[in-house]
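Chemist: Structure file work-v1.cif (mmCIF, C-alpha atoms) is given on the next line.
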```cif
data_final
loop_
_atom_site.label_atom_id
_atom_site.label_comp_id
_atom_site.auth_asym_id
_atom_site.auth_seq_id
_atom_site.Cartn_x
_atom_site.Cartn_y
_atom_site.Cartn_z
CA MET D 103 77.69 -39.18 -16.18
CA LEU D 104 77.64 -36.18 -18.49
CA THR D 105 79.66 -36.30 -21.72
CA ASN D 106 81.25 -33.20 -23.23
CA SER D 107 78.41 -32.92 -25.73
CA HIS D 108 75.87 -33.10 -22.90
CA ARG D 109 77.70 -30.38 -20.99
CA LYS D 110 77.75 -28.14 -24.08
CA GLU D 111 74.03 -28.68 -24.64
CA LYS D 112 73.24 -27.93 -21.00
CA LYS D 113 75.33 -24.75 -21.19
CA ARG D 114 73.57 -23.72 -24.41
CA VAL D 115 70.14 -24.20 -22.81
CA ARG D 116 71.19 -22.12 -19.82
CA LYS D 117 72.30 -19.32 -22.14
CA MET D 118 68.99 -19.55 -23.96
CA GLY D 119 67.27 -19.30 -20.63
CA VAL D 120 69.01 -16.03 -19.93
CA CYS D 121 68.34 -14.70 -23.41
CA VAL D 122 64.76 -15.84 -23.96
CA GLY D 123 63.75 -17.23 -20.61
CA LYS D 124 61.36 -14.37 -19.95
CA TYR D 125 59.72 -14.89 -23.32
CA CYS D 126 59.38 -18.64 -22.69
CA TYR D 127 57.94 -17.93 -19.26
CA VAL D 128 55.28 -15.68 -20.75
CA MET D 129 54.43 -18.29 -23.38
CA ILE D 130 54.06 -20.97 -20.71
CA ILE D 131 51.73 -18.78 -18.66
CA VAL D 132 49.61 -17.99 -21.72
CA LEU D 133 49.46 -21.68 -22.63
CA VAL D 134 48.37 -22.58 -19.10
CA LEU D 135 45.64 -19.92 -19.19
CA VAL D 136 44.38 -21.01 -22.59
CA LEU D 137 44.38 -24.69 -21.69
CA GLY D 138 42.81 -23.86 -18.32
CA ASN D 139 39.90 -22.07 -19.95
CA GLU D 140 39.54 -24.87 -22.49
CA VAL D 141 39.35 -27.50 -19.74
CA ARG D 142 36.80 -25.41 -17.87
CA SER D 143 34.56 -25.03 -20.92
CA GLN D 144 34.88 -28.75 -21.59
CA SER D 145 33.46 -29.43 -18.11
CA LEU D 146 30.11 -28.21 -19.47
CA LYS D 147 27.88 -30.64 -21.31
CA ASN D 148 24.32 -30.96 -22.55
CA GLY D 149 22.08 -32.79 -20.13
CA TYR D 150 24.46 -32.38 -17.19
CA TYR D 151 21.55 -32.81 -14.75
CA SER D 152 19.85 -35.67 -16.60
CA SER D 153 20.58 -38.07 -13.71
CA SER D 154 21.09 -35.80 -10.69
CA CYS D 155 18.06 -33.56 -11.31
CA PRO D 156 16.10 -34.67 -14.42
CA LYS D 157 13.50 -31.91 -14.16
CA ALA D 158 16.00 -29.08 -13.72
CA GLU D 159 15.58 -27.50 -17.17
CA SER D 160 11.80 -27.90 -17.22
CA ILE D 161 11.50 -26.25 -13.80
CA VAL D 162 13.55 -23.27 -14.96
CA ARG D 163 11.48 -23.07 -18.15
CA SER D 164 8.13 -23.14 -16.35
CA THR D 165 9.35 -20.49 -13.89
CA VAL D 166 10.46 -18.15 -16.67
CA GLN D 167 7.20 -18.83 -18.53
CA SER D 168 5.16 -17.89 -15.46
CA HIS D 169 6.96 -14.58 -14.98
CA PHE D 170 6.91 -13.88 -18.73
CA ASP D 171 3.14 -14.36 -18.85
CA SER D 172 2.77 -11.69 -16.17
CA ASP D 173 5.37 -9.33 -17.66
CA PRO D 174 6.92 -10.03 -21.10
CA THR D 175 9.51 -7.28 -20.51
CA ILE D 176 11.26 -9.65 -18.11
CA SER D 177 12.87 -11.37 -21.12
CA PRO D 178 15.43 -8.66 -21.97
CA GLY D 179 16.06 -8.30 -18.24
CA LEU D 180 17.11 -11.95 -17.91
CA LEU D 181 19.20 -11.78 -21.05
CA ARG D 182 21.04 -8.69 -19.80
CA LEU D 183 21.51 -10.29 -16.38
CA HIS D 184 23.27 -13.29 -17.93
CA PHE D 185 25.40 -11.05 -20.17
CA HIS D 186 26.52 -8.89 -17.25
CA ASP D 187 27.28 -11.99 -15.21
CA CYS D 188 29.56 -13.53 -17.84
CA PHE D 189 31.55 -10.35 -18.46
CA VAL D 190 32.60 -10.08 -14.79
CA GLN D 191 34.33 -13.05 -13.13
CA GLY D 192 32.95 -15.30 -15.87
CA CYS D 193 29.57 -17.06 -16.01
CA ASP D 194 29.47 -17.93 -12.32
CA GLY D 195 26.35 -16.23 -10.98
CA SER D 196 28.46 -13.60 -9.18
CA VAL D 197 26.09 -10.85 -10.38
CA LEU D 198 23.35 -12.44 -8.25
CA ILE D 199 25.20 -11.91 -4.96
CA LYS D 200 23.94 -9.00 -2.85
CA GLY D 201 26.18 -6.67 -0.86
CA LYS D 202 27.31 -3.06 -0.62
CA SER D 203 30.46 -3.77 -2.62
CA ALA D 204 29.06 -6.58 -4.79
CA GLU D 205 28.61 -6.36 -8.58
CA GLN D 206 24.99 -5.24 -8.26
CA ALA D 207 26.24 -2.00 -6.68
CA ALA D 208 28.24 -1.03 -9.79
CA LEU D 209 26.89 1.88 -11.84
CA ALA D 210 26.72 -0.31 -14.96
CA ASN D 211 24.47 -2.77 -13.11
CA LEU D 212 21.89 -0.31 -11.86
CA GLY D 213 18.47 -1.32 -13.09
CA LEU D 214 19.22 -5.03 -13.45
CA ARG D 215 16.03 -7.04 -13.69
CA GLY D 216 15.06 -10.67 -13.36
CA LEU D 217 16.69 -11.46 -10.01
CA GLU D 218 13.36 -12.58 -8.58
CA VAL D 219 12.92 -15.06 -11.44
CA ILE D 220 16.25 -16.73 -10.66
CA ASP D 221 15.44 -16.80 -6.94
CA ASP D 222 12.05 -18.35 -7.69
CA ALA D 223 13.55 -21.07 -9.89
CA LYS D 224 16.29 -21.76 -7.33
CA ALA D 225 13.78 -22.20 -4.48
CA GLN D 226 11.81 -24.71 -6.54
CA LEU D 227 14.94 -26.63 -7.52
CA GLU D 228 16.20 -26.76 -3.94
CA SER D 229 12.93 -28.36 -2.86
CA VAL D 230 13.34 -31.09 -5.49
CA CYS D 231 17.15 -31.44 -5.86
CA PRO D 232 18.84 -29.71 -2.91
CA GLY D 233 22.42 -28.58 -3.52
CA VAL D 234 22.55 -29.81 -7.11
CA VAL D 235 21.71 -27.08 -9.65
CA SER D 236 23.92 -23.99 -9.64
CA CYS D 237 22.62 -20.45 -9.85
CA ALA D 238 24.97 -19.83 -12.79
CA ASP D 239 23.29 -22.63 -14.75
CA ILE D 240 19.81 -21.37 -13.84
CA LEU D 241 20.77 -17.96 -15.23
CA ALA D 242 22.13 -19.43 -18.48
CA LEU D 243 18.99 -21.53 -18.97
CA ALA D 244 16.67 -18.63 -18.12
CA ALA D 245 18.39 -16.40 -20.69
CA ARG D 246 17.81 -19.03 -23.38
CA ASP D 247 14.17 -19.49 -22.38
CA SER D 248 13.53 -15.74 -22.34
CA VAL D 249 14.70 -15.46 -25.96
CA ASP D 250 12.62 -18.44 -27.01
CA LEU D 251 9.49 -16.98 -25.38
CA SER D 252 10.06 -13.73 -27.30
CA ASP D 253 9.70 -15.55 -30.64
CA GLY D 254 13.46 -15.91 -30.90
CA PRO D 255 15.67 -18.96 -31.38
CA SER D 256 16.29 -21.73 -28.88
CA TRP D 257 19.45 -23.72 -28.36
CA ARG D 258 20.80 -26.48 -26.13
CA VAL D 259 22.56 -24.93 -23.16
CA PRO D 260 25.61 -26.86 -21.93
CA THR D 261 25.42 -27.00 -18.13
CA GLY D 262 27.70 -27.89 -15.24
CA ARG D 263 28.81 -24.43 -14.11
CA LYS D 264 29.61 -23.85 -10.46
CA ASP D 265 28.82 -20.66 -8.58
CA GLY D 266 31.59 -18.19 -7.81
CA ARG D 267 32.36 -16.95 -4.31
CA ILE D 268 33.57 -13.45 -5.24
CA SER D 269 31.48 -10.47 -6.38
CA LEU D 270 33.06 -7.01 -6.53
CA ALA D 271 31.54 -3.85 -7.97
CA SER D 272 35.04 -2.61 -8.79
CA GLU D 273 35.46 -5.40 -11.36
CA ALA D 274 32.37 -4.37 -13.34
CA SER D 275 34.22 -1.52 -15.05
CA ASN D 276 34.94 -3.71 -18.09
CA LEU D 277 31.26 -4.06 -18.97
CA PRO D 278 30.40 -2.66 -22.43
CA SER D 279 28.98 0.86 -22.36
CA PRO D 280 26.49 2.60 -24.69
CA PHE D 281 29.19 5.25 -25.19
CA ASP D 282 31.95 2.87 -26.32
CA SER D 283 33.60 3.22 -29.72
CA VAL D 284 33.67 0.17 -31.96
CA ALA D 285 37.37 -0.29 -31.19
CA ILE D 286 36.67 -0.38 -27.46
CA GLN D 287 33.74 -2.74 -27.95
CA LYS D 288 35.91 -5.09 -29.99
CA GLN D 289 38.63 -5.08 -27.34
CA LYS D 290 36.23 -5.74 -24.47
CA PHE D 291 34.75 -8.71 -26.31
CA LEU D 292 38.18 -9.95 -27.41
CA ASP D 293 39.31 -9.90 -23.78
CA LYS D 294 36.58 -12.48 -23.15
CA GLY D 295 37.53 -14.65 -26.10
CA LEU D 296 34.78 -13.28 -28.33
CA ASP D 297 35.51 -12.04 -31.87
CA THR D 298 33.91 -9.32 -33.97
CA HIS D 299 31.31 -11.68 -35.37
CA ASP D 300 30.28 -12.57 -31.81
CA LEU D 301 30.15 -8.88 -30.90
CA VAL D 302 27.73 -7.96 -33.68
CA THR D 303 25.66 -11.09 -33.15
CA LEU D 304 25.29 -10.72 -29.39
CA LEU D 305 24.38 -7.03 -29.67
CA GLY D 306 21.40 -8.25 -31.67
CA ALA D 307 19.88 -8.89 -28.24
CA HIS D 308 18.96 -5.21 -28.42
CA THR D 309 16.09 -6.23 -30.66
CA ILE D 310 14.16 -6.49 -27.38
CA GLY D 311 14.42 -4.31 -24.30
CA GLN D 312 14.43 -0.65 -23.41
CA THR D 313 16.79 2.10 -22.32
CA ASP D 314 16.46 5.47 -20.62
CA CYS D 315 16.34 8.76 -22.51
CA LEU D 316 19.35 9.70 -20.37
CA PHE D 317 21.59 7.31 -22.32
CA PHE D 318 20.96 8.71 -25.79
CA ARG D 319 19.35 12.16 -25.47
CA TYR D 320 22.73 13.82 -26.04
CA ARG D 321 22.57 12.49 -29.60
CA LEU D 322 19.42 14.50 -30.24
CA TYR D 323 20.32 17.98 -29.05
CA ASN D 324 23.99 18.59 -28.28
CA PHE D 325 25.96 15.90 -30.04
CA THR D 326 28.36 18.44 -31.58
CA VAL D 327 29.94 21.54 -30.09
CA THR D 328 27.42 23.65 -32.02
CA GLY D 329 24.50 21.78 -30.48
CA ASN D 330 23.50 19.82 -33.56
CA SER D 331 22.11 16.28 -33.56
CA ASP D 332 24.05 13.13 -34.39
CA PRO D 333 24.19 13.13 -38.22
CA THR D 334 23.96 9.32 -38.33
CA ILE D 335 20.34 9.44 -37.13
CA SER D 336 17.85 9.47 -40.00
CA PRO D 337 15.80 12.73 -40.13
CA SER D 338 12.43 11.06 -39.67
CA PHE D 339 13.66 8.96 -36.76
CA LEU D 340 15.26 12.04 -35.16
CA THR D 341 11.87 13.77 -35.10
CA GLN D 342 10.33 10.70 -33.51
CA LEU D 343 13.01 10.48 -30.83
CA LYS D 344 12.76 14.19 -29.99
CA THR D 345 9.06 13.70 -29.38
CA LEU D 346 9.76 10.78 -27.06
CA CYS D 347 12.64 12.51 -25.26
CA PRO D 348 12.27 16.33 -25.16
CA PRO D 349 15.37 18.29 -24.07
CA ASN D 350 14.12 19.01 -20.56
CA GLY D 351 12.03 15.88 -20.16
CA ASP D 352 12.33 12.99 -17.74
CA GLY D 353 15.70 11.33 -18.32
CA SER D 354 14.43 8.07 -16.83
CA LYS D 355 11.68 7.68 -19.41
CA ARG D 356 11.99 4.27 -21.09
CA VAL D 357 12.23 3.90 -24.86
CA ALA D 358 12.31 0.62 -26.80
CA LEU D 359 15.69 -0.21 -28.33
CA ASP D 360 13.89 -1.58 -31.40
CA ILE D 361 10.86 0.65 -31.90
CA GLY D 362 9.70 -1.34 -34.93
CA SER D 363 9.21 -4.65 -33.07
CA PRO D 364 10.08 -4.03 -29.39
CA SER D 365 8.84 -7.36 -28.03
CA LYS D 366 9.83 -9.68 -30.87
CA PHE D 367 13.27 -11.22 -31.07
CA ASP D 368 14.18 -10.80 -34.74
CA GLU D 369 16.77 -9.31 -37.11
CA SER D 370 15.04 -5.90 -37.37
CA PHE D 371 17.73 -4.48 -35.07
CA TYR D 372 20.23 -4.76 -37.93
CA LYS D 373 17.86 -3.11 -40.39
CA ASN D 374 17.64 -0.23 -37.92
CA LEU D 375 21.43 0.16 -38.03
CA ARG D 376 21.33 0.15 -41.82
CA ASP D 377 18.61 2.80 -41.90
CA GLY D 378 20.05 5.08 -39.19
CA ASN D 379 17.37 4.11 -36.69
CA ALA D 380 19.48 2.82 -33.79
CA ILE D 381 18.81 4.24 -30.34
CA LEU D 382 22.28 3.85 -28.80
CA GLU D 383 25.34 5.45 -30.35
CA SER D 384 27.43 2.33 -29.67
CA ASP D 385 24.95 0.30 -31.74
CA GLN D 386 24.79 2.74 -34.64
CA ARG D 387 28.59 2.83 -34.83
CA LEU D 388 28.56 -0.81 -35.94
CA TRP D 389 27.37 0.43 -39.33
CA SER D 390 30.31 2.82 -39.82
CA ASP D 391 33.08 0.29 -39.10
CA ALA D 392 34.06 -1.81 -42.11
CA GLU D 393 34.46 -5.07 -40.20
CA THR D 394 31.25 -4.85 -38.18
CA ASN D 395 29.35 -3.39 -41.14
CA ALA D 396 29.97 -6.56 -43.15
CA VAL D 397 28.25 -8.67 -40.49
CA VAL D 398 25.39 -6.21 -40.05
CA LYS D 399 24.72 -6.19 -43.80
CA LYS D 400 24.45 -9.96 -43.94
CA TYR D 401 21.99 -10.07 -41.05
CA ALA D 402 19.93 -7.22 -42.51
CA SER D 403 19.91 -8.65 -46.03
CA ARG D 404 16.88 -10.43 -47.39
CA LEU D 405 19.29 -13.02 -48.77
CA ARG D 406 20.75 -13.85 -45.37
CA GLY D 407 19.34 -17.40 -45.47
CA LEU D 408 20.93 -18.12 -48.84
CA LEU D 409 24.22 -16.78 -47.57
CA GLY D 410 24.11 -19.17 -44.63
CA PHE D 411 24.23 -16.22 -42.23
CA ARG D 412 20.96 -16.48 -40.32
CA PHE D 413 20.76 -14.37 -37.17
CA ASP D 414 18.53 -16.82 -35.31
CA TYR D 415 21.04 -19.63 -35.80
CA GLU D 416 24.17 -17.55 -35.22
CA PHE D 417 22.79 -15.98 -32.05
CA GLY D 418 22.43 -19.36 -30.36
CA LYS D 419 26.00 -20.27 -31.29
CA ALA D 420 27.32 -16.97 -29.92
CA MET D 421 25.37 -17.40 -26.68
CA ILE D 422 26.83 -20.86 -26.12
CA LYS D 423 30.29 -19.40 -26.63
CA MET D 424 29.66 -16.46 -24.31
CA SER D 425 28.10 -18.61 -21.59
CA SER D 426 31.33 -20.65 -21.45
CA ILE D 427 33.50 -17.71 -20.38
CA ASP D 428 35.65 -18.56 -17.34
CA VAL D 429 33.21 -21.08 -15.88
CA LYS D 430 33.98 -22.30 -12.37
CA THR D 431 34.62 -25.93 -11.50
CA ASP D 432 34.37 -27.87 -8.24
CA VAL D 433 37.80 -26.59 -7.29
CA ASP D 434 37.02 -22.86 -7.39
CA GLY D 435 33.23 -22.84 -7.16
CA GLU D 436 30.24 -24.20 -5.29
CA VAL D 437 26.50 -24.74 -5.65
CA ARG D 438 24.86 -21.98 -3.63
CA LYS D 439 21.83 -22.80 -1.52
CA VAL D 440 20.59 -19.24 -2.03
CA CYS D 441 21.65 -17.33 -5.13
CA SER D 442 22.06 -13.98 -3.40
CA LYS D 443 24.78 -15.15 -1.00
CA VAL D 444 27.67 -17.59 -0.88
CA ASN D 445 27.34 -20.69 1.25
#
```
Could you render the structure from this file as structure tokens?

Modeler:
Amino acid sequence: MLTNSHRKEKKRVRKMGVCVGKYCYVMIIVLVLVLGNEVRSQSLKNGYYSSSCPKAESIVRSTVQSHFDSDPTISPGLLRLHFHDCFVQGCDGSVLIKGKSAEQAALANLGLRGLEVIDDAKAQLESVCPGVVSCADILALAARDSVDLSDGPSWRVPTGRKDGRISLASEASNLPSPFDSVAIQKQKFLDKGLDTHDLVTLLGAHTIGQTDCLFFRYRLYNFTVTGNSDPTISPSFLTQLKTLCPPNGDGSKRVALDIGSPSKFDESFYKNLRDGNAILESDQRLWSDAETNAVVKKYASRLRGLLGFRFDYEFGKAMIKMSSIDVKTDVDGEVRKVCSKVN
């Protein structure tokens, strides 16, 4: 039986519901989303396959090693593949699915490399532990191993991801672009739960890999309305780039993103930003923004170790964080038998 005080309280709550109910509803939804992502990321753990498939990580490692020995340029390909996977639908291997309307068909995903490495590792794992190791986990492990083989850092990769069942090219529009401003880059990373420090750190992956002249030639010849070059490019580097990419040359010609040490995973990428020697405009812009500049300076500094801001250590941390984006669980995922198609 309700007392008068109870009735008054109930009436007050109802009024509050009318006044701020919408606000409370939004807060509840946000809380559910945040807690949902937290629970998903907590489903990952180191050594997830220690009992179900003890040789899982060593099989992936040996597969990547074999392909790397034949072609070291596969390393940046695998790293990019994992990055593009996580930014669309989360780290669920959806980028591996083939189809006319699948993610691979998106303009931003043209030229993806390393698919054959993942397929190779998957085939070997299926012969040893059928239906156990997900394609999403293989991709996360392969990205780590590719960095390690390029003289970069290594880190323990939490595993336990499940493979997604949806892959749509239309959802790949949120992938970072070489033409993005720093503000847009920050927002795209923030949308995935990654902060500015993560942004600058993860872009350090550009210390290995290549890009086409098509994606930066505009900086050399017609960056301004008067046809001048991008003033942020150092004069000596501009001459070098014009030689590599003449105005009427082949736009598909490949140029190393870090000309100084193209095959070594190190902090020279940040020194390039400091010296005006970045290939992509989106990379060079990190030097002109106060917030990103502070991180770049610490990575490029000779005192970075004393400052406790070592790129090799921070990169591993950022990769673990990125590889936990929207991971699938048993409820909304599966373990594909073949990585290029859902079961």

Chemist: One decimal, Å: what's the distance from CA of Thr326 (chain D) over to CA of Leu304 (chain D), could you say?

Modeler: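 Rounded to one decimal, the two atoms are 29.4 Å apart.
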
Chemist: Per residue of region 269-358 of chain D within 12 Å of region 233-248 of chain D, which atom pair is closest and at what distance in Å (one decimal), using only C-alpha atoms, listed by chain and increasing number, as a Markdown table?

Modeler:
```
| residue | atom | partner | partner_atom | distance |
| --- | --- | --- | --- | --- |
| D:Ala307 | CA | D:Ala245 | CA | 10.8 |
| D:Ile310 | CA | D:Ser248 | CA | 10.6 |
| D:Gly311 | CA | D:Ser248 | CA | 11.6 |
```

Chemist: Smallest atom-to-atom distance to Val259 (chain D): which of D:Ser145, D:Ser390, D:Ser425, D:Ser154, using all atoms listed in the file?

Modeler: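 Result for the nearest residue to Val259 (chain D): D:Ser425.
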
Chemist: Taking all atoms listed in the file into account, which of D:Thr261, D:Ser203, D:Thr175, D:Ser338 comes nearest Tyr150 (chain D)?

Modeler: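 Selected residue with least distance to Tyr150 (chain D): D:Thr261.
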
Chemist: So that I can see what lies close to Asn445 (chain D), please list as a ChimeraX atom specification the residues with an atom at most 12 Å from it, counting only C-alpha atoms and leaving out residues fewer than 2 positions away in the same chain.

Modeler: /D:199,233,236,265-268,435-443

Chemist: Neighbouring residues of Leu346 (chain D) were defined as those with any atom within 10 Å, considering all atoms listed in the file; residues of the same chain fewer than 6 positions away were excluded. Please report them as number ranges by chain.

Modeler: D: 315, 319, 340, 352, 355-357
